Amino acid sequence: MQADSIRAPVVDTPERRAFYEKISRENMAPLWTSLAELVTPEPRSPCRPASWKFATIRDAMLEAGGLITAKEAERRVLVLENPGLRGQSKVTTSLYAGVQLVLPGEVAPAHRHTQSALRFVLEGGGAHTSVNGERTIMHEGDFIITPPMTWHDHGNESDQPIFWLDGLDMPVVSLLDASFAESLGQDEQPITRPLGDSDARYGANMLPVDHKGGGSGTSPVFNYPYSQTRDALERMRRADAWDRCHGLKMRYSNPITGNHAMATMATFIQLLPKGFSTAAYRSTDATVFVPIEGRGRSIIGDDFVVDWEKRDIFVIPSWKHVRHEAHEDSVLFSVSDRPIQEALYLFREDRGNV
Ligand SMILES: [Fe+2]
């Protein structure tokens with residue numbers, strides 16, 4: 001059995017309380033009254049298990065579409081707020097998530113910031129994201145990166161609304177007081193490179209001949225198309241034994257370093273075949289999941305049950321056990337802060353049974 005605290009609570013006395021009040025006026029506080037809350041035997045997060053149905057998000061977004069344009073809003077996004085972290089624009093303690101809508105003919109104007117952002121396309125196709133002079137066309141299931149301080153804008157020339165998940169490291173950048181942002185002052189940045197240029201240079205198992213060094217920490221491939229991802233999973237399933245905790249799970253990688261595709265956020269894709277139930281798993285990186293195919297159920301902790309289908313979104317807090325059950329062949333995208341935890345030697349996982 002785990003202890004709730006590494007020490008017994010300190011008894012309060014009138015003399016001690018008077019002392020605490022006196023030193024408080026000098027901006028000091030006793031550690032011994034808060035130590036048990038600060039240094040816990042296990043993660044004790046205010047982040048809670050949570051889930052959102054895409055149908056609910058979609059209805060609210062279309063209503064927002066009638067209230068404000070993408071241009072006026074700069075980004076027409078509904079923030080997914082963790083119920084344990086309301087009012088903080090956080091989906092986990094370290095990650096921000098929102099769903100963005102760009103209607104046909106709209107633009108989300110060019111800007112840049114130190115926060116890293118990812119897009120995971122939920123519904124629609126044919127819209128574009130431009131990053132540092134290159135445009136990429138967005139399709140359902142594509143994972144797209146806008147690296148720190150790169151100009152980016154979005155536009156939708158298709159005849160359908162497009163919805164995507166935005167994932168940002170905003171809470172981490174805020175924690176470190178390292179936020180910088182600027183507007184380009186125009187809707188769309190000038191396009192200086194052809195479609196698919198980054199993918200051709202860096203995403204075909206080759207590098208430019210004089211490429212040196214370890215890159216910027218973010219993958220130069222800024223669109224990982226779902227068509228390629230899905231095809232790879234399908235080919236792997238013929239050969240691979242299923243991992244009992246993950247099914248068939250891959251991480252998106254930076255082709256320069258082999259590390260995660262982004263410096264602060266890890267992204268994953270996993271295939272769970274129909275009828276597969278995973279063994280219980282937990283890790284210190286709270287994770288946002290988005291099924292993009294299939295239907296199933298996830299049990300988080302002791303009793304939080306999510307019955308999910310395509311495009312729903314759910315959150316597993318740090319160190320909470322999760323078990324997934326796939327009722328159909330299912331593909332799940334997920335994102336967490338694992339690169340930060342790995343860099344700081346904090347990441348832990350537990351593949352145990354409960
Ligand atoms: Fe942005």
# chains A, B, ... in the order shown; residues from 1 in each chain; ligands from 1

call {"tool": "residues_around", "arguments": {"residues": "segment 110-125 of chain A", "least_positions_apart": "6", "cutoff": "7 Å", "atoms": "only C-alpha atoms", "output": "ChimeraX atom specification"}}
result
/A:138-153,160-170,173,179-184,186-189,311

call {"tool": "residues_around", "arguments": {"residues": "Gln88 of chain A", "least_positions_apart": "6", "cutoff": "9 Å", "atoms": "only C-alpha atoms", "output": "PDB file with all heavy atoms, in the first residue's frame"}}
result
ATOM      1  N   GLU A  81     -11.261  22.696 -21.947  1.00  0.00           N
ATOM      2  CA  GLU A  81     -10.741  22.931 -20.595  1.00  0.00           C
ATOM      3  C   GLU A  81     -10.948  21.698 -19.729  1.00  0.00           C
ATOM      4  O   GLU A  81     -12.075  21.212 -19.578  1.00  0.00           O
ATOM      5  CB  GLU A  81     -11.450  24.125 -19.961  1.00  0.00           C
ATOM      6  CG  GLU A  81     -11.060  25.431 -20.616  1.00  0.00           C
ATOM      7  CD  GLU A  81     -11.283  26.617 -19.693  1.00  0.00           C
ATOM      8  OE1 GLU A  81     -12.272  26.609 -18.935  1.00  0.00           O
ATOM      9  OE2 GLU A  81     -10.471  27.536 -19.719  1.00  0.00           O
ATOM     10  N   ASN A  82      -9.868  21.236 -19.164  1.00  0.00           N
ATOM     11  CA  ASN A  82      -9.989  20.099 -18.252  1.00  0.00           C
ATOM     12  C   ASN A  82     -10.878  20.501 -17.074  1.00  0.00           C
ATOM     13  O   ASN A  82     -10.695  21.582 -16.507  1.00  0.00           O
ATOM     14  CB  ASN A  82      -8.602  19.686 -17.762  1.00  0.00           C
ATOM     15  CG  ASN A  82      -8.651  18.399 -16.974  1.00  0.00           C
ATOM     16  OD1 ASN A  82      -9.031  18.381 -15.806  1.00  0.00           O
ATOM     17  ND2 ASN A  82      -8.306  17.310 -17.619  1.00  0.00           N
ATOM     18  N   PRO A 171       0.937  26.010 -21.708  1.00  0.00           N
ATOM     19  CA  PRO A 171       1.166  26.082 -20.257  1.00  0.00           C
ATOM     20  C   PRO A 171       2.646  25.985 -19.881  1.00  0.00           C
ATOM     21  O   PRO A 171       3.078  26.593 -18.904  1.00  0.00           O
ATOM     22  CB  PRO A 171       0.386  24.877 -19.712  1.00  0.00           C
ATOM     23  CG  PRO A 171      -0.664  24.607 -20.744  1.00  0.00           C
ATOM     24  CD  PRO A 171      -0.002  24.923 -22.058  1.00  0.00           C
TER      25      PRO A 171
END

call {"tool": "select_by_dssp", "arguments": {"residues": "segment 174-328 of chain A", "states": "strand (DSSP E)", "output": "ChimeraX atom specification"}}
result
/A:181-183,223-224,248-251,266-272,282-283,287-293,295-300,304-309,313-316,322-326

call {"tool": "write_last_selection", "arguments": {"atoms": "C-alpha atoms", "output": "short mmCIF file (atom, residue, chain, number, x, y, z; two decimals), in the first residue's frame"}}
result
data_model
loop_
_atom_site.label_atom_id
_atom_site.label_comp_id
_atom_site.auth_asym_id
_atom_site.auth_seq_id
_atom_site.Cartn_x
_atom_site.Cartn_y
_atom_site.Cartn_z
CA ALA A 181 4.37 36.58 -30.41
CA GLU A 182 3.91 38.87 -33.39
CA SER A 183 1.51 39.46 -36.24
CA ASN A 223 2.81 17.49 -42.57
CA TYR A 224 2.62 13.78 -41.74
CA LEU A 248 0.37 -1.51 -32.59
CA LYS A 249 1.69 1.92 -31.57
CA MET A 250 4.19 4.20 -33.29
CA ARG A 251 5.55 7.62 -32.44
CA ALA A 266 5.18 13.71 -28.34
CA THR A 267 2.66 12.45 -30.88
CA PHE A 268 1.61 8.87 -31.41
CA ILE A 269 -0.62 6.80 -33.65
CA GLN A 270 -1.92 3.38 -32.70
CA LEU A 271 -3.96 0.67 -34.30
CA LEU A 272 -6.21 -1.50 -32.16
CA ARG A 282 0.02 4.15 -16.90
CA SER A 283 2.69 6.76 -17.46
CA THR A 287 -2.20 12.22 -22.67
CA VAL A 288 -4.89 13.54 -25.01
CA PHE A 289 -6.39 10.85 -27.26
CA VAL A 290 -8.29 11.32 -30.52
CA PRO A 291 -9.72 8.25 -32.25
CA ILE A 292 -9.76 8.94 -35.99
CA GLU A 293 -11.22 5.58 -36.99
CA ARG A 295 -15.29 2.76 -32.03
CA GLY A 296 -14.48 1.50 -28.58
CA ARG A 297 -14.25 2.09 -24.88
CA SER A 298 -11.49 3.27 -22.55
CA ILE A 299 -11.53 2.80 -18.80
CA ILE A 300 -9.45 5.41 -17.00
CA PHE A 304 -14.11 6.72 -15.59
CA VAL A 305 -15.52 5.12 -18.73
CA VAL A 306 -15.33 6.73 -22.16
CA ASP A 307 -17.37 5.21 -24.97
CA TRP A 308 -15.68 6.78 -27.96
CA GLU A 309 -16.10 6.94 -31.66
CA ILE A 313 -11.41 13.51 -27.62
CA PHE A 314 -10.45 12.23 -24.18
CA VAL A 315 -7.78 12.85 -21.56
CA ILE A 316 -5.83 10.46 -19.35
CA VAL A 322 -5.97 3.13 -18.74
CA ARG A 323 -7.35 0.14 -20.61
CA HIS A 324 -8.67 0.41 -24.16
CA GLU A 325 -11.18 -1.90 -25.85
CA ALA A 326 -11.68 -1.70 -29.61
#

call {"tool": "residues_around", "arguments": {"residues": "segment 203-218 of chain A", "least_positions_apart": "6", "cutoff": "6 Å", "atoms": "only C-alpha atoms", "output": "list in words"}}
result
Ala261, Met262 and Ala263 of chain A

call {"tool": "closest_residue", "arguments": {"among": "A:Trp52, A:Phe19, A:Pro109, A:Pro43", "to": "ligand 1", "atoms": "only C-alpha atoms and all ligand atoms"}}
result
A:Pro109

call {"tool": "atom_distance", "arguments": {"atom1": "atom CA of Arg135 of chain A", "atom2": "atom CA of Asp312 of chain A"}}
result
27.6 Å

call {"tool": "closest_residue", "arguments": {"among": "A:Val131, A:Ile340, A:Ala55, A:Ala178", "to": "ligand 1", "atoms": "only C-alpha atoms and all ligand atoms"}}
result
A:Val131

call {"tool": "residues_around", "arguments": {"residues": "Ser45 of chain A", "least_positions_apart": "5", "cutoff": "8 Å", "atoms": "only C-alpha atoms", "output": "JSON, numbers by chain"}}
result
{"A": [93, 317, 318]}

call {"tool": "residues_around", "arguments": {"residues": "Arg75 of chain A", "least_positions_apart": "4", "cutoff": "9 Å", "atoms": "only C-alpha atoms", "output": "PyMOL selection string"}}
result
chain A and resi 69-71+100-102+108-109

call {"tool": "closest_residue", "arguments": {"among": "A:Arg238, A:Arg48, A:Lys310, A:Arg7", "to": "Gly294 of chain A", "atoms": "only C-alpha atoms"}}
result
A:Lys310

call {"tool": "closest_residue", "arguments": {"among": "A:Ile256, A:Met236, A:Val91, A:Val77", "to": "ligand 1", "atoms": "only C-alpha atoms and all ligand atoms"}}
result
A:Val77

call {"tool": "atom_distance", "arguments": {"atom1": "atom CA of Ala50 of chain A", "atom2": "atom CA of Pro83 of chain A"}}
result
7.1 Å

call {"tool": "decode", "arguments": {"residues": "segment 174-197 of chain A", "atoms": "N, CA and C atoms", "output": "mmCIF file, in the first residue's frame"}}
result
data_model
loop_
_atom_site.group_PDB
_atom_site.id
_atom_site.type_symbol
_atom_site.label_atom_id
_atom_site.label_comp_id
_atom_site.auth_asym_id
_atom_site.auth_seq_id
_atom_site.Cartn_x
_atom_site.Cartn_y
_atom_site.Cartn_z
ATOM 1 N N SER A 174 4.238 29.345 -20.704
ATOM 2 C CA SER A 174 3.806 30.309 -19.673
ATOM 3 C C SER A 174 4.542 30.065 -18.368
ATOM 4 N N LEU A 175 4.692 28.799 -17.993
ATOM 5 C CA LEU A 175 5.407 28.461 -16.763
ATOM 6 C C LEU A 175 6.816 29.044 -16.790
ATOM 7 N N LEU A 176 7.431 28.999 -17.966
ATOM 8 C CA LEU A 176 8.814 29.464 -18.117
ATOM 9 C C LEU A 176 8.898 30.955 -18.453
ATOM 10 N N ASP A 177 7.737 31.631 -18.543
ATOM 11 C CA ASP A 177 7.708 33.059 -18.914
ATOM 12 C C ASP A 177 8.525 33.322 -20.164
ATOM 13 N N ALA A 178 8.238 32.556 -21.203
ATOM 14 C CA ALA A 178 9.028 32.653 -22.433
ATOM 15 C C ALA A 178 8.137 32.896 -23.649
ATOM 16 N N SER A 179 7.008 33.589 -23.442
ATOM 17 C CA SER A 179 6.084 33.817 -24.547
ATOM 18 C C SER A 179 6.458 35.069 -25.336
ATOM 19 N N PHE A 180 6.662 34.902 -26.630
ATOM 20 C CA PHE A 180 6.814 36.015 -27.567
ATOM 21 C C PHE A 180 5.896 35.726 -28.746
ATOM 22 N N ALA A 181 5.267 36.771 -29.276
ATOM 23 C CA ALA A 181 4.372 36.582 -30.414
ATOM 24 C C ALA A 181 4.328 37.845 -31.238
ATOM 25 N N GLU A 182 4.111 37.707 -32.537
ATOM 26 C CA GLU A 182 3.912 38.873 -33.390
ATOM 27 C C GLU A 182 3.023 38.529 -34.571
ATOM 28 N N SER A 183 2.398 39.584 -35.099
ATOM 29 C CA SER A 183 1.510 39.456 -36.236
ATOM 30 C C SER A 183 2.277 39.862 -37.488
ATOM 31 N N LEU A 184 2.028 39.195 -38.605
ATOM 32 C CA LEU A 184 2.708 39.585 -39.845
ATOM 33 C C LEU A 184 2.086 40.847 -40.434
ATOM 34 N N GLY A 185 0.827 41.105 -40.061
ATOM 35 C CA GLY A 185 0.155 42.291 -40.594
ATOM 36 C C GLY A 185 -0.498 42.040 -41.942
ATOM 37 N N GLN A 186 -0.560 40.805 -42.370
ATOM 38 C CA GLN A 186 -1.281 40.460 -43.591
ATOM 39 C C GLN A 186 -1.913 39.080 -43.395
ATOM 40 N N ASP A 187 -2.980 38.839 -44.165
ATOM 41 C CA ASP A 187 -3.713 37.592 -43.968
ATOM 42 C C ASP A 187 -2.845 36.378 -44.280
ATOM 43 N N GLU A 188 -2.166 36.436 -45.414
ATOM 44 C CA GLU A 188 -1.413 35.266 -45.851
ATOM 45 C C GLU A 188 0.040 35.653 -46.092
ATOM 46 N N GLN A 189 0.946 34.807 -45.664
ATOM 47 C CA GLN A 189 2.360 35.058 -45.902
ATOM 48 C C GLN A 189 2.695 34.762 -47.360
ATOM 49 N N PRO A 190 3.751 35.388 -47.889
ATOM 50 C CA PRO A 190 4.161 35.073 -49.264
ATOM 51 C C PRO A 190 4.608 33.608 -49.362
ATOM 52 N N ILE A 191 4.204 32.952 -50.445
ATOM 53 C CA ILE A 191 4.594 31.551 -50.664
ATOM 54 C C ILE A 191 5.852 31.538 -51.536
ATOM 55 N N THR A 192 6.907 30.942 -51.011
ATOM 56 C CA THR A 192 8.203 30.975 -51.697
ATOM 57 C C THR A 192 8.696 29.587 -52.090
ATOM 58 N N ARG A 193 8.006 28.548 -51.634
ATOM 59 C CA ARG A 193 8.448 27.183 -51.957
ATOM 60 C C ARG A 193 7.267 26.375 -52.474
ATOM 61 N N PRO A 194 7.530 25.394 -53.328
ATOM 62 C CA PRO A 194 6.409 24.624 -53.906
ATOM 63 C C PRO A 194 5.785 23.667 -52.890
ATOM 64 N N LEU A 195 4.580 23.257 -53.171
ATOM 65 C CA LEU A 195 3.896 22.243 -52.353
ATOM 66 C C LEU A 195 4.762 20.994 -52.221
ATOM 67 N N GLY A 196 4.856 20.463 -51.024
ATOM 68 C CA GLY A 196 5.543 19.181 -50.842
ATOM 69 C C GLY A 196 7.056 19.287 -50.759
ATOM 70 N N ASP A 197 7.602 20.517 -50.745
ATOM 71 C CA ASP A 197 9.060 20.692 -50.781
ATOM 72 C C ASP A 197 9.735 20.099 -49.542
#
